[in-house]
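Participant: mmCIF, C-alpha atoms, file model.cif:
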```
data_target
loop_
_atom_site.label_atom_id
_atom_site.label_comp_id
_atom_site.auth_asym_id
_atom_site.auth_seq_id
_atom_site.Cartn_x
_atom_site.Cartn_y
_atom_site.Cartn_z
CA MET P 1 0.00 0.00 0.00
CA ASN P 2 1.24 3.50 -0.84
CA GLU P 3 2.11 5.83 2.03
CA TRP P 4 0.80 9.39 2.29
CA PRO P 5 3.58 11.33 4.02
CA GLN P 6 1.54 14.44 4.79
CA ILE P 7 2.14 16.07 8.20
CA PRO P 8 -1.24 17.54 9.28
CA THR P 9 0.30 20.44 11.22
CA GLN P 10 2.50 21.58 8.32
CA PRO P 11 1.71 25.31 7.87
CA ALA P 12 1.12 25.16 4.11
CA PHE P 13 -1.23 22.20 4.53
CA VAL P 14 -3.14 23.93 7.34
CA GLN P 15 -3.73 26.95 5.11
CA ASN P 16 -4.72 24.96 2.01
CA PRO P 17 -4.92 21.16 2.22
CA TYR P 18 -6.74 20.74 -1.08
CA PRO P 19 -3.72 20.44 -3.43
CA ALA P 20 -2.38 17.66 -1.20
CA TYR P 21 -5.76 15.92 -1.29
CA ALA P 22 -5.89 16.19 -5.08
CA LEU P 23 -2.45 14.62 -5.45
CA ALA P 24 -3.41 11.85 -3.03
CA CYS P 25 -6.65 11.12 -4.90
CA ALA P 26 -4.80 10.97 -8.20
CA ARG P 27 -2.19 8.61 -6.78
CA ALA P 28 -4.43 6.04 -5.06
CA PRO P 29 -7.87 6.00 -3.40
CA VAL P 30 -6.46 4.26 -0.28
CA GLN P 31 -3.05 4.92 1.32
CA TYR P 32 -1.40 4.38 4.68
CA TRP P 33 -1.03 7.61 6.67
CA PRO P 34 1.92 7.33 9.08
CA ALA P 35 1.10 10.61 10.84
CA TYR P 36 -2.14 9.08 12.14
CA ARG P 37 -1.06 5.42 11.95
CA MET P 38 -4.22 4.76 9.95
CA THR P 39 -5.35 3.74 6.50
CA ALA P 40 -6.63 6.88 4.75
CA VAL P 41 -9.46 6.70 2.20
CA PHE P 42 -9.66 9.60 -0.27
CA SER P 43 -12.17 8.71 -2.99
CA HIS P 44 -15.77 9.86 -2.67
CA GLU P 45 -17.10 6.48 -3.76
CA LEU P 46 -15.23 4.55 -1.06
CA VAL P 47 -15.74 7.12 1.70
CA ALA P 48 -19.50 7.14 1.06
CA ARG P 49 -19.62 3.32 1.00
CA ILE P 50 -17.70 2.89 4.23
CA LEU P 51 -19.79 5.51 6.04
CA LYS P 52 -22.87 3.36 5.36
CA ASP P 53 -21.29 -0.10 5.70
CA ARG P 54 -22.21 -1.69 9.05
CA ARG P 55 -19.00 -3.76 8.95
CA PHE P 56 -17.23 -0.53 9.88
CA GLY P 57 -18.07 1.35 13.06
CA ARG P 58 -16.99 3.84 15.68
CA GLU P 59 -16.36 1.50 18.61
CA PRO P 60 -12.84 0.02 18.75
CA ILE P 61 -12.59 -3.76 18.92
CA ASP P 62 -10.27 -3.62 21.92
CA PRO P 63 -10.93 -1.39 24.96
CA VAL P 64 -9.26 2.01 24.80
CA GLN P 65 -6.43 2.50 27.27
CA PHE P 66 -6.04 6.07 28.47
CA PRO P 67 -3.86 7.78 31.08
CA ASP P 68 -5.36 8.61 34.46
CA HIS P 69 -5.31 12.35 33.87
CA LEU P 70 -7.80 11.91 30.99
CA ALA P 71 -10.36 9.91 32.98
CA PRO P 72 -12.91 12.81 33.12
CA PHE P 73 -12.78 13.23 29.35
CA TYR P 74 -13.20 9.54 28.55
CA ALA P 75 -15.96 9.21 31.16
CA ILE P 76 -17.98 11.45 28.87
CA GLU P 77 -16.86 9.70 25.69
CA ALA P 78 -18.07 6.38 27.13
CA HIS P 79 -21.69 7.53 26.81
CA SER P 80 -21.47 9.45 23.52
CA MET P 81 -23.68 8.15 20.74
CA LEU P 82 -21.00 9.45 18.35
CA GLU P 83 -18.63 6.79 19.71
CA LEU P 84 -21.10 3.88 20.07
CA GLU P 85 -22.63 1.20 17.87
CA PRO P 86 -25.97 -0.63 18.16
CA PRO P 87 -27.72 -1.48 20.33
CA ARG P 88 -26.60 1.39 22.60
CA HIS P 89 -26.31 3.82 19.70
CA THR P 90 -29.80 2.94 18.45
CA ARG P 91 -31.33 3.56 21.87
CA LEU P 92 -29.50 6.84 22.53
CA ARG P 93 -30.07 8.29 19.06
CA GLY P 94 -33.74 7.31 19.18
CA LEU P 95 -34.22 9.10 22.49
CA VAL P 96 -32.43 12.21 21.25
CA LEU P 97 -34.44 12.33 18.02
CA ARG P 98 -37.67 12.23 20.02
CA ALA P 99 -36.64 15.59 21.46
CA PHE P 100 -34.53 16.94 18.58
CA THR P 101 -37.36 16.84 16.05
CA SER P 102 -37.53 18.56 12.67
CA ARG P 103 -40.61 20.42 13.91
CA ARG P 104 -38.66 21.82 16.87
CA ILE P 105 -35.76 22.79 14.59
CA ASN P 106 -38.05 24.55 12.11
CA GLU P 107 -39.69 26.45 14.96
CA LEU P 108 -36.30 28.00 15.68
CA ALA P 109 -36.22 29.84 12.33
CA PRO P 110 -37.84 33.08 13.58
CA GLU P 111 -35.54 33.10 16.61
CA ILE P 112 -32.47 32.63 14.42
CA GLU P 113 -33.64 35.41 12.10
CA ALA P 114 -34.14 37.78 15.04
CA LEU P 115 -30.77 36.82 16.51
CA CYS P 116 -28.98 37.48 13.20
CA ASP P 117 -30.73 40.84 12.83
CA ASP P 118 -29.69 41.82 16.34
CA LEU P 119 -26.07 40.83 15.79
CA LEU P 120 -25.93 42.61 12.44
CA ARG P 121 -27.29 45.85 13.93
CA LYS P 122 -24.34 45.88 16.34
CA LEU P 123 -21.68 45.51 13.65
CA PRO P 124 -19.76 48.65 12.61
CA THR P 125 -20.43 50.12 9.20
CA ASP P 126 -17.31 52.29 9.05
CA ALA P 127 -14.52 50.08 10.40
CA PRO P 128 -13.20 46.52 10.00
CA PHE P 129 -14.50 43.82 12.32
CA ASP P 130 -13.82 40.13 12.92
CA LEU P 131 -16.74 38.21 11.46
CA ILE P 132 -15.82 35.05 13.39
CA ASP P 133 -16.03 36.73 16.77
CA ALA P 134 -18.91 39.09 16.03
CA TYR P 135 -21.23 36.91 13.94
CA ALA P 136 -20.15 33.32 13.22
CA THR P 137 -19.53 32.38 16.86
CA PRO P 138 -22.56 33.91 18.65
CA ILE P 139 -25.18 32.41 16.33
CA PRO P 140 -24.71 28.67 17.05
CA ILE P 141 -23.72 29.07 20.71
CA ILE P 142 -26.77 31.22 21.55
CA VAL P 143 -29.09 28.97 19.54
CA ILE P 144 -27.88 25.82 21.31
CA CYS P 145 -28.17 27.57 24.70
CA ARG P 146 -31.79 28.39 23.93
CA LEU P 147 -32.45 24.91 22.60
CA LEU P 148 -31.00 23.21 25.67
CA GLY P 149 -32.59 25.71 28.00
CA VAL P 150 -29.42 26.97 29.68
CA PRO P 151 -28.89 30.69 30.41
CA GLU P 152 -27.47 32.68 27.52
CA ASN P 153 -25.15 34.46 29.94
CA MET P 154 -23.39 31.09 30.26
CA ALA P 155 -22.52 31.12 26.53
CA GLY P 156 -18.97 32.32 27.05
CA GLN P 157 -18.20 29.68 29.66
CA LEU P 158 -19.83 26.92 27.63
CA LEU P 159 -17.79 28.04 24.63
CA LYS P 160 -14.54 27.82 26.59
CA TRP P 161 -15.36 24.33 27.90
CA SER P 162 -16.34 23.27 24.40
CA ASN P 163 -13.15 24.59 22.80
CA ASP P 164 -10.98 22.94 25.45
CA MET P 165 -12.68 19.58 24.94
CA VAL P 166 -12.75 19.67 21.14
CA ALA P 167 -9.01 20.39 21.10
CA MET P 168 -8.52 16.72 22.03
CA TYR P 169 -9.31 15.79 18.43
CA GLN P 170 -6.68 18.09 16.91
CA ALA P 171 -3.35 17.00 15.49
CA ARG P 172 -1.53 19.56 17.68
CA ARG P 173 -2.75 17.85 20.87
CA ASN P 174 -0.23 17.79 23.75
CA HIS P 175 -0.25 17.22 27.52
CA ALA P 176 -1.33 20.80 28.30
CA ILE P 177 -4.29 20.49 25.90
CA GLU P 178 -5.19 17.16 27.52
CA ASP P 179 -5.14 18.72 31.00
CA ARG P 180 -7.44 21.54 29.87
CA ALA P 181 -9.78 19.04 28.24
CA ALA P 182 -9.99 16.94 31.40
CA SER P 183 -10.68 19.99 33.55
CA ALA P 184 -13.32 21.26 31.12
CA SER P 185 -14.95 17.81 31.05
CA SER P 186 -15.32 17.79 34.83
CA ASP P 187 -16.65 21.34 35.02
CA PHE P 188 -19.00 20.91 32.07
CA SER P 189 -20.38 17.66 33.53
CA ASP P 190 -20.96 19.25 36.93
CA PHE P 191 -22.83 22.15 35.33
CA ILE P 192 -25.13 19.97 33.22
CA ARG P 193 -25.76 17.62 36.17
CA SER P 194 -26.75 20.52 38.41
CA TYR P 195 -28.89 22.13 35.75
CA ALA P 196 -30.66 18.87 34.86
CA THR P 197 -31.42 18.30 38.54
CA GLU P 198 -33.14 21.69 38.64
CA LYS P 199 -35.05 20.90 35.42
CA ARG P 200 -36.41 17.75 37.05
CA LYS P 201 -37.89 19.94 39.78
CA LYS P 202 -39.05 22.71 37.44
CA PRO P 203 -39.62 21.34 33.89
CA SER P 204 -39.84 23.77 30.99
CA ASP P 205 -40.07 23.73 27.19
CA ASP P 206 -36.44 22.97 26.38
CA LEU P 207 -34.28 20.10 25.19
CA ILE P 208 -32.91 19.15 28.61
CA THR P 209 -36.44 18.74 29.98
CA GLN P 210 -37.46 16.75 26.89
CA LEU P 211 -34.41 14.50 27.20
CA LEU P 212 -35.22 13.92 30.86
CA THR P 213 -38.72 12.74 29.98
CA ALA P 214 -38.08 10.98 26.65
CA GLU P 215 -38.57 7.20 26.75
CA ASP P 216 -37.93 4.31 24.37
CA ASP P 217 -39.73 1.10 25.37
CA GLY P 218 -39.80 2.33 28.93
CA GLU P 219 -36.10 3.24 29.02
CA LYS P 220 -34.88 6.76 29.71
CA LEU P 221 -31.50 8.38 29.44
CA SER P 222 -29.34 7.90 32.51
CA MET P 223 -27.90 11.07 34.03
CA GLU P 224 -24.48 10.21 32.57
CA GLU P 225 -26.02 9.70 29.12
CA LEU P 226 -27.94 12.97 29.37
CA ILE P 227 -24.82 14.88 30.41
CA THR P 228 -22.80 13.44 27.53
CA THR P 229 -25.60 14.07 25.01
CA CYS P 230 -25.93 17.73 26.00
CA ILE P 231 -22.17 18.21 25.79
CA LEU P 232 -22.03 16.45 22.41
CA LEU P 233 -24.84 18.59 20.99
CA LEU P 234 -23.14 21.76 22.12
CA ASN P 235 -19.61 20.83 21.10
CA ALA P 236 -20.51 19.44 17.68
CA GLY P 237 -23.26 21.96 16.96
CA HIS P 238 -21.10 24.94 17.73
CA GLU P 239 -17.74 23.95 16.28
CA ALA P 240 -18.95 22.95 12.83
CA THR P 241 -21.29 25.90 12.28
CA VAL P 242 -18.75 28.55 13.30
CA HIS P 243 -16.19 27.16 10.85
CA THR P 244 -18.75 26.76 8.07
CA ILE P 245 -19.98 30.35 8.36
CA GLY P 246 -16.43 31.68 8.43
CA ASN P 247 -15.12 29.49 5.60
CA GLY P 248 -18.29 30.13 3.62
CA VAL P 249 -18.21 33.93 3.89
CA LYS P 250 -14.52 33.94 2.93
CA THR P 251 -15.31 31.87 -0.16
CA LEU P 252 -18.37 33.90 -1.11
CA ILE P 253 -16.41 37.16 -0.97
CA GLU P 254 -13.33 35.80 -2.74
CA THR P 255 -15.41 34.33 -5.58
CA HIS P 256 -17.59 37.44 -5.93
CA THR P 257 -20.74 35.38 -5.50
CA PRO P 258 -23.75 37.41 -6.69
CA ALA P 259 -26.81 38.27 -4.64
CA SER P 260 -28.80 35.82 -6.76
CA ALA P 261 -27.18 33.00 -4.72
CA PHE P 262 -29.04 34.09 -1.56
CA THR P 263 -32.68 33.97 -2.66
CA ASP P 264 -35.21 31.55 -1.20
CA SER P 265 -34.95 29.39 -4.33
CA THR P 266 -31.14 29.32 -4.52
CA ILE P 267 -29.82 29.43 -0.95
CA ASP P 268 -29.99 25.66 -0.43
CA GLN P 269 -27.66 25.09 -3.39
CA THR P 270 -25.31 27.77 -2.09
CA VAL P 271 -25.19 26.22 1.38
CA GLU P 272 -24.50 22.73 0.00
CA GLU P 273 -21.72 24.04 -2.22
CA ILE P 274 -20.12 25.78 0.80
CA LEU P 275 -20.28 22.52 2.74
CA ARG P 276 -18.74 20.63 -0.17
CA TYR P 277 -16.10 23.16 -1.09
CA ASP P 278 -14.54 24.03 2.28
CA PRO P 279 -16.11 21.92 5.07
CA PRO P 280 -15.43 22.30 8.80
CA LEU P 281 -14.51 18.64 9.44
CA HIS P 282 -11.90 16.97 7.23
CA VAL P 283 -11.50 13.51 8.76
CA PHE P 284 -13.87 11.04 10.42
CA THR P 285 -12.70 7.62 11.57
CA ARG P 286 -14.11 4.09 11.51
CA PHE P 287 -12.87 0.73 12.79
CA CYS P 288 -13.01 -2.32 10.55
CA TYR P 289 -14.88 -5.21 12.22
CA GLU P 290 -13.90 -8.00 9.81
CA ASP P 291 -11.62 -8.60 6.84
CA ILE P 292 -13.34 -6.79 3.97
CA THR P 293 -12.67 -6.29 0.28
CA LEU P 294 -14.31 -3.32 -1.43
CA GLY P 295 -13.47 -3.24 -5.11
CA ASP P 296 -9.67 -3.51 -5.29
CA GLN P 297 -9.17 -2.48 -1.67
CA THR P 298 -8.71 -4.85 1.26
CA PHE P 299 -9.24 -3.82 4.89
CA LYS P 300 -8.24 -5.93 7.87
CA ARG P 301 -10.20 -6.55 11.05
CA GLY P 302 -9.11 -4.02 13.68
CA ASP P 303 -7.85 -1.44 11.18
CA GLU P 304 -8.72 2.16 12.03
CA ILE P 305 -9.73 3.98 8.86
CA ALA P 306 -9.39 7.73 8.30
CA LEU P 307 -12.22 8.78 6.00
CA MET P 308 -10.98 11.92 4.26
CA LEU P 309 -14.27 13.80 4.02
CA ALA P 310 -12.87 17.00 2.51
CA ALA P 311 -10.84 15.08 -0.07
CA ALA P 312 -13.92 13.06 -1.03
CA ASN P 313 -15.85 16.30 -1.53
CA ARG P 314 -13.34 17.34 -4.20
CA ASP P 315 -12.93 13.99 -5.91
CA ALA P 316 -12.89 14.78 -9.64
CA LYS P 317 -14.52 11.43 -10.40
CA THR P 318 -17.66 12.61 -8.60
CA TRP P 319 -17.58 16.40 -8.82
CA PRO P 320 -16.94 18.08 -12.21
CA ASN P 321 -14.35 20.85 -11.87
CA PRO P 322 -14.17 20.19 -8.10
CA ASP P 323 -11.84 23.07 -7.19
CA HIS P 324 -14.28 25.59 -8.67
CA PHE P 325 -16.84 27.08 -6.28
CA ASP P 326 -20.19 27.02 -8.05
CA PRO P 327 -23.28 27.98 -6.01
CA THR P 328 -25.48 26.86 -8.91
CA ARG P 329 -24.03 23.33 -8.80
CA LYS P 330 -26.75 20.68 -8.75
CA ILE P 331 -27.13 19.30 -5.22
CA GLN P 332 -25.79 15.81 -4.67
CA THR P 333 -24.84 14.22 -1.37
CA ASN P 334 -21.51 15.36 0.02
CA THR P 335 -19.75 13.78 2.99
CA SER P 336 -19.49 16.83 5.25
CA PHE P 337 -22.06 15.55 7.76
CA GLY P 338 -20.87 11.95 7.60
CA GLY P 339 -23.33 9.23 6.67
CA GLY P 340 -25.04 6.05 7.72
CA LEU P 341 -25.88 5.45 11.38
CA HIS P 342 -23.69 8.34 12.47
CA PHE P 343 -25.02 10.95 10.07
CA CYS P 344 -24.90 14.22 12.02
CA VAL P 345 -28.06 14.59 14.11
CA GLY P 346 -27.57 18.36 14.07
CA ALA P 347 -27.33 18.69 10.27
CA PRO P 348 -30.85 20.17 9.88
CA LEU P 349 -30.09 22.84 12.49
CA ALA P 350 -26.71 23.68 10.93
CA ARG P 351 -28.27 24.03 7.49
CA LEU P 352 -31.04 26.24 8.91
CA GLU P 353 -28.53 28.51 10.63
CA LEU P 354 -26.57 28.87 7.39
CA ARG P 355 -29.58 29.51 5.17
CA VAL P 356 -30.68 32.29 7.54
CA ALA P 357 -27.32 33.80 8.51
CA LEU P 358 -25.74 34.15 5.06
CA PRO P 359 -28.54 35.96 3.16
CA LYS P 360 -29.05 38.33 6.09
CA LEU P 361 -25.35 39.15 6.25
CA PHE P 362 -25.05 40.00 2.54
CA ALA P 363 -28.37 41.85 2.47
CA ARG P 364 -27.11 44.05 5.30
CA PHE P 365 -23.60 44.44 3.83
CA PRO P 366 -23.81 43.89 0.05
CA ASN P 367 -20.29 45.28 -0.45
CA LEU P 368 -18.65 43.28 2.32
CA HIS P 369 -14.94 42.83 1.64
CA ILE P 370 -11.96 41.24 3.35
CA THR P 371 -9.48 43.71 4.86
CA GLU P 372 -6.56 41.40 5.68
CA PRO P 373 -5.46 37.99 4.42
CA PRO P 374 -7.50 35.28 6.18
CA LYS P 375 -5.54 32.67 8.11
CA TYR P 376 -6.74 29.17 8.98
CA ALA P 377 -6.09 28.02 12.54
CA ASN P 378 -3.93 25.01 13.34
CA LEU P 379 -6.95 22.87 14.27
CA TYR P 380 -6.67 19.84 11.99
CA HIS P 381 -8.70 17.68 11.52
CA PHE P 382 -11.06 20.61 11.88
CA HIS P 383 -10.69 23.41 9.36
CA GLY P 384 -11.59 26.95 10.33
CA LEU P 385 -10.28 30.49 10.33
CA GLU P 386 -8.51 32.18 13.24
CA ARG P 387 -10.43 35.31 12.32
CA LEU P 388 -11.97 36.94 9.28
CA MET P 389 -11.47 40.70 9.19
CA VAL P 390 -14.06 42.34 6.95
CA GLN P 391 -15.61 45.74 6.35
CA ALA P 392 -18.92 46.88 4.92
#
```
Go ahead and render the structure in this file as structure tokens.

Facilitator:
Amino acid sequence: MNEWPQIPTQPAFVQNPYPAYALACARAPVQYWPAYRMTAVFSHELVARILKDRRFGREPIDPVQFPDHLAPFYAIEAHSMLELEPPRHTRLRGLVLRAFTSRRINELAPEIEALCDDLLRKLPTDAPFDLIDAYATPIPIIVICRLLGVPENMAGQLLKWSNDMVAMYQARRNHAIEDRAASASSDFSDFIRSYATEKRKKPSDDLITQLLTAEDDGEKLSMEELITTCILLLNAGHEATVHTIGNGVKTLIETHTPASAFTDSTIDQTVEEILRYDPPLHVFTRFCYEDITLGDQTFKRGDEIALMLAAANRDAKTWPNPDHFDPTRKIQTNTSFGGGLHFCVGAPLARLELRVALPKLFARFPNLHITEPPKYANLYHFHGLERLMVQA
């Protein structure tokens, strides 16, 4: 098997990984990646197949061994539906979907519109501002606070805990990052536990209350499962949307996308093209549960597979002229939200936030322009900007 020698923290790769993905795709659809000690899959066809193939899954075959200082972090991971397979995954996801319904998500649209309008009114019209800090970050964190039913004045603290925990998945991870993640895990868990206890006494119309009361064949979420689910929804729901708004606005400005891309009849295509072209998550892993041959590729039981989502989204065999941003491109399924059993439960909310936030931004500031070169943060396997300085 070919080796892909790419170092994920290499500065040039952090700023633009797509040329490296293109070369990898052209060389071979499957290669060994020493940096991650995994088999990396680049082609859209294979990534999409593996995402839906039940012979691959998120749970490792052998128990994970972790150092004592990371016990608080992995205590949360142990109950995450993102890391589990059936039957536990089926039960947890079913309970969450009973509360996280499409009706409830659609009901949030007026709130998201009002929130965007409020944030936009506060932005300067005569000076540069950081779009990430002033617009991309507040939208998803405030929305998820309202959805869960936690005080909005906790948004800053929740954001810090979230960022500290999510850093565990980054290639730059070190002992200091691990210590912060463990501390954030403990504090975040204590907060959700205390807040859920209060919600039991005084129920209200929010997701925590609904998760407390949701049942599946008489079974409810345990407190540990509820804590983990709330943390997962906040961490995943915030991180991806912030990066997508930032990456998307950068792309829209740089490609001089016309206002016609933001109408009610065109915005869905624009959003999907943003998700395909420069997604927030570049790698998602699976374990192989048996020896498997897919086409010309053989995978061994126990192998951990790096599914290269962003590379798959620019596979020339699937996407004509893949490095060209085209908001009129016909919608076809990309891999940005994963697929199969672990398809992102928050995808409808993320899409709603994007289809509201982007048209409102460019309606308010039709001549929005970038005032300094954007720089992507060293977050791999996430992909998002440190900041995006713009001016009306």

Participant: Neighbours of Lys160 (chain P) within 12 Å (only C-alpha atoms; same-chain residues fewer than 3 positions away dropped), as a PyMOL selection string?

Facilitator: chain P and resi 137+141+154-157+163-167+180-181+183-185+187-188+234-235+238-239

Participant: At most 9 Å is the cut-off: for each residue in region 31-89 of chain P with any atom that close to an atom of region 328-337 of chain P, write down the nearest atom pair and the distance in Å rounded to one decimal, counting only C-alpha atoms, chain first then increasing number, as a tab-separated table.

Facilitator:
```
residue	atom	partner	partner_atom	distance
P:His44	CA	P:Thr335	CA	8.0
P:Val47	CA	P:Thr335	CA	7.9
P:Ala48	CA	P:Thr335	CA	6.9
P:Leu51	CA	P:Thr335	CA	8.8
```

Participant: Give me, as a ChimeraX atom specification, all polymer residues having an atom no more than 12 Å from region 220-222 of chain P, counting all atoms listed in the file and skipping those fewer than 5 positions away in the same chain.

Facilitator: /P:79-81,88-89,91-96,98-99,193,196,208-215,227-230

Participant: Just give me the gap between CA of Pro128 (chain P) and CA of Ile370 (chain P) in Å, one decimal is fine.

Facilitator: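 These atoms are spaced 8.6 Å apart.
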
Participant: Mind checking which residues fall within 12 Å of Pro11 (chain P), counting all atoms listed in the file, ignoring those fewer than 6 positions away in the same chain, and posting them as a PyMOL selection string?

Facilitator: chain P and resi 17+172+375-380

Participant: Identify which of the residues P:Leu385, P:Phe287, P:Pro72, P:Arg27 lies closest to Lys300 (chain P), counting all atoms listed in the file when measuring atom-to-atom distances.

Facilitator: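 Residue with the minimum atom-to-atom distance to Lys300 (chain P): P:Phe287.
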
Participant: Which polymer residues have any atom within 12 Å of an atom of region 105-111 of chain P, counting only C-alpha atoms, with same-chain residues fewer than 6 positions away left out, as a ChimeraX atom specification?

Facilitator: /P:97,99,117-118,139-140,142-144,146-147,206-207,345-357

Participant: Would you mind exporting C-alpha atoms of the selected residues as a tab-separated table (two decimals), in the coordinates of the input?

Facilitator:
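part_21.tsv, written as the output of this step:
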```tsv
chain	number	residue	atom	x	y	z
P	97	LEU	CA	-34.44	12.33	18.02
P	99	ALA	CA	-36.64	15.59	21.46
P	117	ASP	CA	-30.73	40.84	12.83
P	118	ASP	CA	-29.69	41.82	16.34
P	139	ILE	CA	-25.18	32.41	16.33
P	140	PRO	CA	-24.71	28.67	17.05
P	142	ILE	CA	-26.77	31.22	21.55
P	143	VAL	CA	-29.09	28.97	19.54
P	144	ILE	CA	-27.88	25.82	21.31
P	146	ARG	CA	-31.79	28.39	23.93
P	147	LEU	CA	-32.45	24.91	22.60
P	206	ASP	CA	-36.44	22.97	26.38
P	207	LEU	CA	-34.28	20.10	25.19
P	345	VAL	CA	-28.06	14.59	14.11
P	346	GLY	CA	-27.57	18.36	14.07
P	347	ALA	CA	-27.33	18.69	10.27
P	348	PRO	CA	-30.85	20.17	9.88
P	349	LEU	CA	-30.09	22.84	12.49
P	350	ALA	CA	-26.71	23.68	10.93
P	351	ARG	CA	-28.27	24.03	7.49
P	352	LEU	CA	-31.04	26.24	8.91
P	353	GLU	CA	-28.53	28.51	10.63
P	354	LEU	CA	-26.57	28.87	7.39
P	355	ARG	CA	-29.58	29.51	5.17
P	356	VAL	CA	-30.68	32.29	7.54
P	357	ALA	CA	-27.32	33.80	8.51
```

Participant: May I ask for the distance between CA of Glu59 (chain P) and CA of Cys344 (chain P), given in Å to one decimal place?

Facilitator: 16.7 Å

Participant: What does the distance between CA of Asp303 (chain P) and CA of Arg37 (chain P) come to in Å, to one decimal place?

Facilitator: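 CA of Arg37 (chain P) lies 9.7 Å from CA of Asp303 (chain P).
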
Participant: Determine the axis-aligned bounding box of all atoms of region 264-283 of chain P present in the file, pad each side by 3 Å, and express its centre and edge lengths in Å to one decimal place as AutoDock Vina command-line options.

Facilitator:
```
--center_x -23.4 --center_y 22.5 --center_z 2.5 --size_x 29.7 --size_y 24.0 --size_z 20.0
```

Participant: Which one is closest to Ile76 (chain P): P:Ile61, P:Val30, P:Leu232, P:Met1? Count only C-alpha atoms.

Facilitator: P:Leu232

Participant: Run through the PyMOL selection byres ((chain P and resi 54-57) around 6) on the given coordinates and return the selected residues as a count of residues only.

Facilitator: 7

Participant: Might you spell out which residues the PyMOL selection byres ((chain P and resi 262) around 12) would select in the displayed file, as a PyMOL selection string?

Facilitator: chain P and resi 252+257-261+263-271+327-328+354-363+366
